[in-house]
Amino acid sequence: MWKKLIIAVVLVAFVSVQFASSLTCYSCIDATSCRNPTVQTCTNATANASSLWLSTYLNDVPVVAGSQSFMCTNLTYYTGPQIPPTASIGPNNTVTSQFLGCAHPDIRICARTLTDPEARATWNSHCGVCYTDNCNFDGPAGTFSSSAYTIIGSIAALLLAKVLS
Ligand SMILES: *[C@@H]1O[C@H](CO)[C@@H](O)[C@H](O)[C@H]1NC(C)=O
Ligand SMILES: *[C@@H]1O[C@H](CO)[C@@H](O)[C@H](O)[C@H]1NC(C)=O
Ligand SMILES: *[C@@H]1O[C@H](CO)[C@@H](O)[C@H](O)[C@H]1NC(C)=O
Ligand SMILES: *[C@@H]1O[C@H](CO)[C@@H](O)[C@H](O)[C@H]1NC(C)=O
């Protein structure tokens with residue numbers, strides 16, 4: 001019984017650490033650097049840097065003093081045929097602007113508009129936000145959702161149930 005309890009406690013601690021540790025996101029600031037994004041840890045400082053960069057081409061990016069939690073973003077502008085919200089840029093699209101990185105949730109990145117009127121009239125936008133480590137990457141599995149979080153959670157619950165049974 002004690003052994004089971006200890007295993008359960010360790011398991012719960014492990015899972016909590018996973019969720020409590022700070023978020024990391026892919027980071028890049030234009031179409032070129034986004035071919036090879038780096039990974040950044042979300043802090044007030046990195047989210048501030050995102051706000052600063054985004055405010056160079058987006059309207060009304062609010063100044064946020066600080067956030068308790070952050071989100072990963074992928075804000076892509078492109079020309080050419082319109083792609084569905086979950087699809088990737090196709091062969092006939094040109095990426096005109098791209099940003100990946102940590103952000104303050106309160107800047108509501110997907111609600112912002114382009115400052116340049118010409119770009120605003122002609123570019124399509126694709127904007128995604130997500131809340132798990134490195135989730136702002138459209139890999140082959142299309143991880144742009146909370147699916148990773150859900151899967152980790154279910155596995156932990158299963159293990160826990162097994163240990164306690
Ligand atoms: C982030 O920006 C806000 C608003 O400008 C500022 O008050 C705060 O000190 C900055 N935080 C960091 C860690 O740079
Ligand atoms: C960010 O700054 C705010 C206050 O401006 C603070 O309450 C918050 O804990 C900070 N977030 C992190 C993750 O350090
Ligand atoms: C891209 O454009 C070519 C030539 O107009 C067309 O044949 C092709 O079907 C287009 N591909 C997609 C994915 O839209
Ligand atoms: C960002 O979103 C665009 C549009 O869906 C996608 O083509 C691109 O692959 C995404 N970037 C990354 C690094 O996943």
# chains A, B, ... in the order shown; residues from 1 in each chain; ligands from 1

call {"tool": "residues_around", "arguments": {"residues": "Asp116 in chain A", "least_positions_apart": "2", "cutoff": "12 Å", "atoms": "only C-alpha atoms", "output": "list in words"}}
result
Ser55, Thr56, Tyr57, Leu58, Asn59, Thr113, Leu114, Glu118, Ala119, Arg120, Ala121, Thr122 and Trp123 of chain A

call {"tool": "closest_atom_pairs", "arguments": {"of": "range 7-82 of chain A", "to": "range 100-106 of chain A", "cutoff": "12 Å", "atoms": "only C-alpha atoms", "output": "Markdown table"}}
result
| residue | atom | partner | partner_atom | distance |
| --- | --- | --- | --- | --- |
| A:Ser22 | CA | A:Cys102 | CA | 11.0 |
| A:Leu23 | CA | A:Cys102 | CA | 8.4 |
| A:Thr24 | CA | A:Cys102 | CA | 7.5 |
| A:Cys25 | CA | A:Gly101 | CA | 5.6 |
| A:Tyr26 | CA | A:Gly101 | CA | 5.5 |
| A:Ser27 | CA | A:Gly101 | CA | 4.2 |
| A:Cys28 | CA | A:Leu100 | CA | 5.2 |
| A:Ile29 | CA | A:Leu100 | CA | 6.5 |
| A:Asp30 | CA | A:Leu100 | CA | 8.5 |
| A:Ala31 | CA | A:Leu100 | CA | 10.0 |
| A:Thr32 | CA | A:Leu100 | CA | 11.9 |
| A:Ser33 | CA | A:Leu100 | CA | 9.7 |
| A:Cys34 | CA | A:Leu100 | CA | 7.4 |
| A:Arg35 | CA | A:Leu100 | CA | 10.8 |
| A:Asn36 | CA | A:Leu100 | CA | 10.9 |
| A:Pro37 | CA | A:Leu100 | CA | 7.8 |
| A:Thr38 | CA | A:Gly101 | CA | 9.2 |
| A:Val39 | CA | A:Gly101 | CA | 8.3 |
| A:Gln40 | CA | A:Gly101 | CA | 7.4 |
| A:Thr41 | CA | A:Cys102 | CA | 7.6 |
| A:Cys42 | CA | A:Cys102 | CA | 5.4 |
| A:Thr43 | CA | A:Cys102 | CA | 8.0 |
| A:Asn44 | CA | A:His104 | CA | 7.8 |
| A:Ala45 | CA | A:Cys102 | CA | 9.8 |
| A:Thr46 | CA | A:Cys102 | CA | 6.6 |
| A:Ala47 | CA | A:Ala103 | CA | 4.5 |
| A:Asn48 | CA | A:Ala103 | CA | 7.5 |
| A:Ala49 | CA | A:Ala103 | CA | 8.7 |
| A:Ser50 | CA | A:Ala103 | CA | 6.1 |
| A:Ser51 | CA | A:Ala103 | CA | 7.1 |
| A:Leu52 | CA | A:Ala103 | CA | 10.5 |
| A:Trp53 | CA | A:Gly101 | CA | 10.6 |
| A:Leu54 | CA | A:Ala103 | CA | 9.9 |
| A:Asp60 | CA | A:Asp106 | CA | 11.9 |
| A:Val61 | CA | A:Asp106 | CA | 9.3 |
| A:Pro62 | CA | A:Asp106 | CA | 7.8 |
| A:Val63 | CA | A:Asp106 | CA | 8.9 |
| A:Val64 | CA | A:Asp106 | CA | 7.0 |
| A:Ala65 | CA | A:His104 | CA | 9.4 |
| A:Gly66 | CA | A:His104 | CA | 7.5 |
| A:Ser67 | CA | A:His104 | CA | 6.1 |
| A:Gln68 | CA | A:His104 | CA | 8.9 |
| A:Ser69 | CA | A:His104 | CA | 7.6 |
| A:Phe70 | CA | A:His104 | CA | 5.4 |
| A:Met71 | CA | A:Ala103 | CA | 5.5 |
| A:Cys72 | CA | A:Cys102 | CA | 4.8 |
| A:Thr73 | CA | A:Leu100 | CA | 5.4 |
| A:Asn74 | CA | A:Leu100 | CA | 4.5 |
| A:Leu75 | CA | A:Leu100 | CA | 6.4 |
| A:Thr76 | CA | A:Leu100 | CA | 8.4 |
| A:Tyr77 | CA | A:Leu100 | CA | 11.8 |

call {"tool": "residues_near_ligand", "arguments": {"ligand": "ligand 4", "cutoff": "6 Å", "atoms": "only C-alpha atoms and all ligand atoms", "output": "PyMOL selection string"}}
result
chain A and resi 74+76+87-89+126+136-138

call {"tool": "atom_distance", "arguments": {"atom1": "atom 11 (N, counted along the ligand's line) of ligand 2", "atom2": "CA of Gln98 in chain A"}}
result
25.8 Å

call {"tool": "residues_near_ligand", "arguments": {"ligand": "ligand 3", "cutoff": "10 Å", "atoms": "only C-alpha atoms and all ligand atoms", "output": "count of residues only"}}
result
9

call {"tool": "select_by_dssp", "arguments": {"residues": "range 68-143 of chain A", "states": "strand (DSSP E or B)", "output": "number ranges by chain"}}
result
A: 71-79, 94-103, 114, 124-130

call {"tool": "write_last_selection", "arguments": {"atoms": "C-alpha atoms", "output": "short mmCIF file (atom, residue, chain, number, x, y, z; two decimals), in the first residue's frame"}}
result
data_model
loop_
_atom_site.label_atom_id
_atom_site.label_comp_id
_atom_site.auth_asym_id
_atom_site.auth_seq_id
_atom_site.Cartn_x
_atom_site.Cartn_y
_atom_site.Cartn_z
CA MET A 71 0.52 31.54 -25.07
CA CYS A 72 2.34 30.42 -28.20
CA THR A 73 1.34 32.11 -31.42
CA ASN A 74 1.71 31.72 -35.15
CA LEU A 75 0.63 34.81 -37.08
CA THR A 76 1.14 34.35 -40.79
CA TYR A 77 0.12 36.70 -43.60
CA TYR A 78 0.10 35.46 -47.14
CA THR A 79 -1.10 36.20 -50.65
CA THR A 94 3.48 33.57 -50.81
CA VAL A 95 4.18 34.25 -47.16
CA THR A 96 4.37 38.02 -46.81
CA SER A 97 4.88 38.18 -43.05
CA GLN A 98 5.25 35.61 -40.34
CA PHE A 99 5.70 35.64 -36.60
CA LEU A 100 5.97 32.78 -34.11
CA GLY A 101 6.56 33.30 -30.43
CA CYS A 102 5.43 33.77 -26.85
CA ALA A 103 2.80 36.42 -26.26
CA LEU A 114 -2.25 45.43 -40.12
CA ASN A 124 -4.83 37.03 -45.96
CA SER A 125 -4.08 36.14 -42.40
CA HIS A 126 -3.69 32.91 -40.55
CA CYS A 127 -3.50 33.28 -36.81
CA GLY A 128 -3.20 30.49 -34.28
CA VAL A 129 -2.68 30.48 -30.53
CA CYS A 130 -2.06 27.51 -28.26
#

call {"tool": "atom_distance", "arguments": {"atom1": "CA of Ser21 in chain A", "atom2": "atom 12 (C, counted along the ligand's line) of ligand 2"}}
result
11.4 Å

call {"tool": "closest_residue", "arguments": {"among": "A:Pro117, A:Arg112, A:Ile107, A:Lys162", "to": "ligand 1", "atoms": "only C-alpha atoms and all ligand atoms"}}
result
A:Ile107

call {"tool": "select_by_dssp", "arguments": {"residues": "range 35-119 of chain A", "states": "helix (DSSP H, G or I)", "output": "list in words"}}
result
Arg35, Asn44, Ala45, Thr46, Ala47, Asn48, Ala49, Ser50, Ser51, Leu52, Trp53, Leu54, Pro105, Asp106, Ile107, Ile109, Cys110, Ala111, Pro117, Glu118 and Ala119 of chain A

call {"tool": "write_last_selection", "arguments": {"atoms": "N, CA and C atoms", "output": "PDB file, in the first residue's frame"}}
result
ATOM      1  N   ARG A  35      11.644  29.779 -41.401  1.00  0.00           N
ATOM      2  CA  ARG A  35      11.989  28.490 -41.997  1.00  0.00           C
ATOM      3  C   ARG A  35      12.789  27.678 -40.998  1.00  0.00           C
ATOM      4  N   ASN A  44       7.743  37.426 -18.948  1.00  0.00           N
ATOM      5  CA  ASN A  44       7.258  38.782 -19.215  1.00  0.00           C
ATOM      6  C   ASN A  44       8.184  39.471 -20.223  1.00  0.00           C
ATOM      7  N   ALA A  45       9.487  39.179 -20.117  1.00  0.00           N
ATOM      8  CA  ALA A  45      10.444  39.848 -20.990  1.00  0.00           C
ATOM      9  C   ALA A  45      10.286  39.388 -22.445  1.00  0.00           C
ATOM     10  N   THR A  46      10.185  38.061 -22.689  1.00  0.00           N
ATOM     11  CA  THR A  46      10.056  37.602 -24.079  1.00  0.00           C
ATOM     12  C   THR A  46       8.698  38.018 -24.647  1.00  0.00           C
ATOM     13  N   ALA A  47       7.642  37.978 -23.816  1.00  0.00           N
ATOM     14  CA  ALA A  47       6.321  38.402 -24.303  1.00  0.00           C
ATOM     15  C   ALA A  47       6.335  39.907 -24.604  1.00  0.00           C
ATOM     16  N   ASN A  48       7.065  40.673 -23.794  1.00  0.00           N
ATOM     17  CA  ASN A  48       7.209  42.111 -24.077  1.00  0.00           C
ATOM     18  C   ASN A  48       7.900  42.326 -25.413  1.00  0.00           C
ATOM     19  N   ALA A  49       8.933  41.533 -25.660  1.00  0.00           N
ATOM     20  CA  ALA A  49       9.662  41.674 -26.922  1.00  0.00           C
ATOM     21  C   ALA A  49       8.733  41.369 -28.097  1.00  0.00           C
ATOM     22  N   SER A  50       7.859  40.365 -27.927  1.00  0.00           N
ATOM     23  CA  SER A  50       6.884  40.042 -28.983  1.00  0.00           C
ATOM     24  C   SER A  50       5.972  41.231 -29.234  1.00  0.00           C
ATOM     25  N   SER A  51       5.436  41.806 -28.142  1.00  0.00           N
ATOM     26  CA  SER A  51       4.540  42.962 -28.283  1.00  0.00           C
ATOM     27  C   SER A  51       5.221  44.091 -29.053  1.00  0.00           C
ATOM     28  N   LEU A  52       6.480  44.321 -28.706  1.00  0.00           N
ATOM     29  CA  LEU A  52       7.234  45.410 -29.322  1.00  0.00           C
ATOM     30  C   LEU A  52       7.374  45.171 -30.822  1.00  0.00           C
ATOM     31  N   TRP A  53       7.736  43.940 -31.185  1.00  0.00           N
ATOM     32  CA  TRP A  53       7.910  43.619 -32.607  1.00  0.00           C
ATOM     33  C   TRP A  53       6.570  43.707 -33.345  1.00  0.00           C
ATOM     34  N   LEU A  54       5.534  43.121 -32.742  1.00  0.00           N
ATOM     35  CA  LEU A  54       4.228  43.101 -33.414  1.00  0.00           C
ATOM     36  C   LEU A  54       3.688  44.516 -33.601  1.00  0.00           C
ATOM     37  N   PRO A 105      -1.396  36.857 -23.393  1.00  0.00           N
ATOM     38  CA  PRO A 105      -2.752  36.584 -23.897  1.00  0.00           C
ATOM     39  C   PRO A 105      -3.561  37.870 -24.106  1.00  0.00           C
ATOM     40  N   ASP A 106      -3.326  38.869 -23.266  1.00  0.00           N
ATOM     41  CA  ASP A 106      -4.143  40.085 -23.331  1.00  0.00           C
ATOM     42  C   ASP A 106      -3.897  40.961 -24.561  1.00  0.00           C
ATOM     43  N   ILE A 107      -2.850  40.669 -25.331  1.00  0.00           N
ATOM     44  CA  ILE A 107      -2.711  41.494 -26.543  1.00  0.00           C
ATOM     45  C   ILE A 107      -3.708  41.033 -27.611  1.00  0.00           C
ATOM     46  N   ILE A 109      -3.743  38.782 -30.009  1.00  0.00           N
ATOM     47  CA  ILE A 109      -2.990  38.919 -31.264  1.00  0.00           C
ATOM     48  C   ILE A 109      -3.861  38.718 -32.501  1.00  0.00           C
ATOM     49  N   CYS A 110      -4.795  37.765 -32.428  1.00  0.00           N
ATOM     50  CA  CYS A 110      -5.586  37.456 -33.629  1.00  0.00           C
ATOM     51  C   CYS A 110      -6.640  38.510 -33.927  1.00  0.00           C
ATOM     52  N   ALA A 111      -6.867  39.423 -32.995  1.00  0.00           N
ATOM     53  CA  ALA A 111      -7.854  40.474 -33.217  1.00  0.00           C
ATOM     54  C   ALA A 111      -7.205  41.750 -33.770  1.00  0.00           C
ATOM     55  N   PRO A 117      -2.313  50.071 -44.873  1.00  0.00           N
ATOM     56  CA  PRO A 117      -3.636  49.882 -45.485  1.00  0.00           C
ATOM     57  C   PRO A 117      -3.586  48.986 -46.721  1.00  0.00           C
ATOM     58  N   GLU A 118      -2.512  49.090 -47.484  1.00  0.00           N
ATOM     59  CA  GLU A 118      -2.415  48.286 -48.697  1.00  0.00           C
ATOM     60  C   GLU A 118      -2.297  46.796 -48.337  1.00  0.00           C
ATOM     61  N   ALA A 119      -1.456  46.502 -47.387  1.00  0.00           N
ATOM     62  CA  ALA A 119      -1.299  45.114 -46.946  1.00  0.00           C
ATOM     63  C   ALA A 119      -2.605  44.606 -46.345  1.00  0.00           C
TER      64      ALA A 119
END

call {"tool": "atom_distance", "arguments": {"atom1": "CA of Thr115 in chain A", "atom2": "CA of Thr86 in chain A"}}
result
25.0 Å
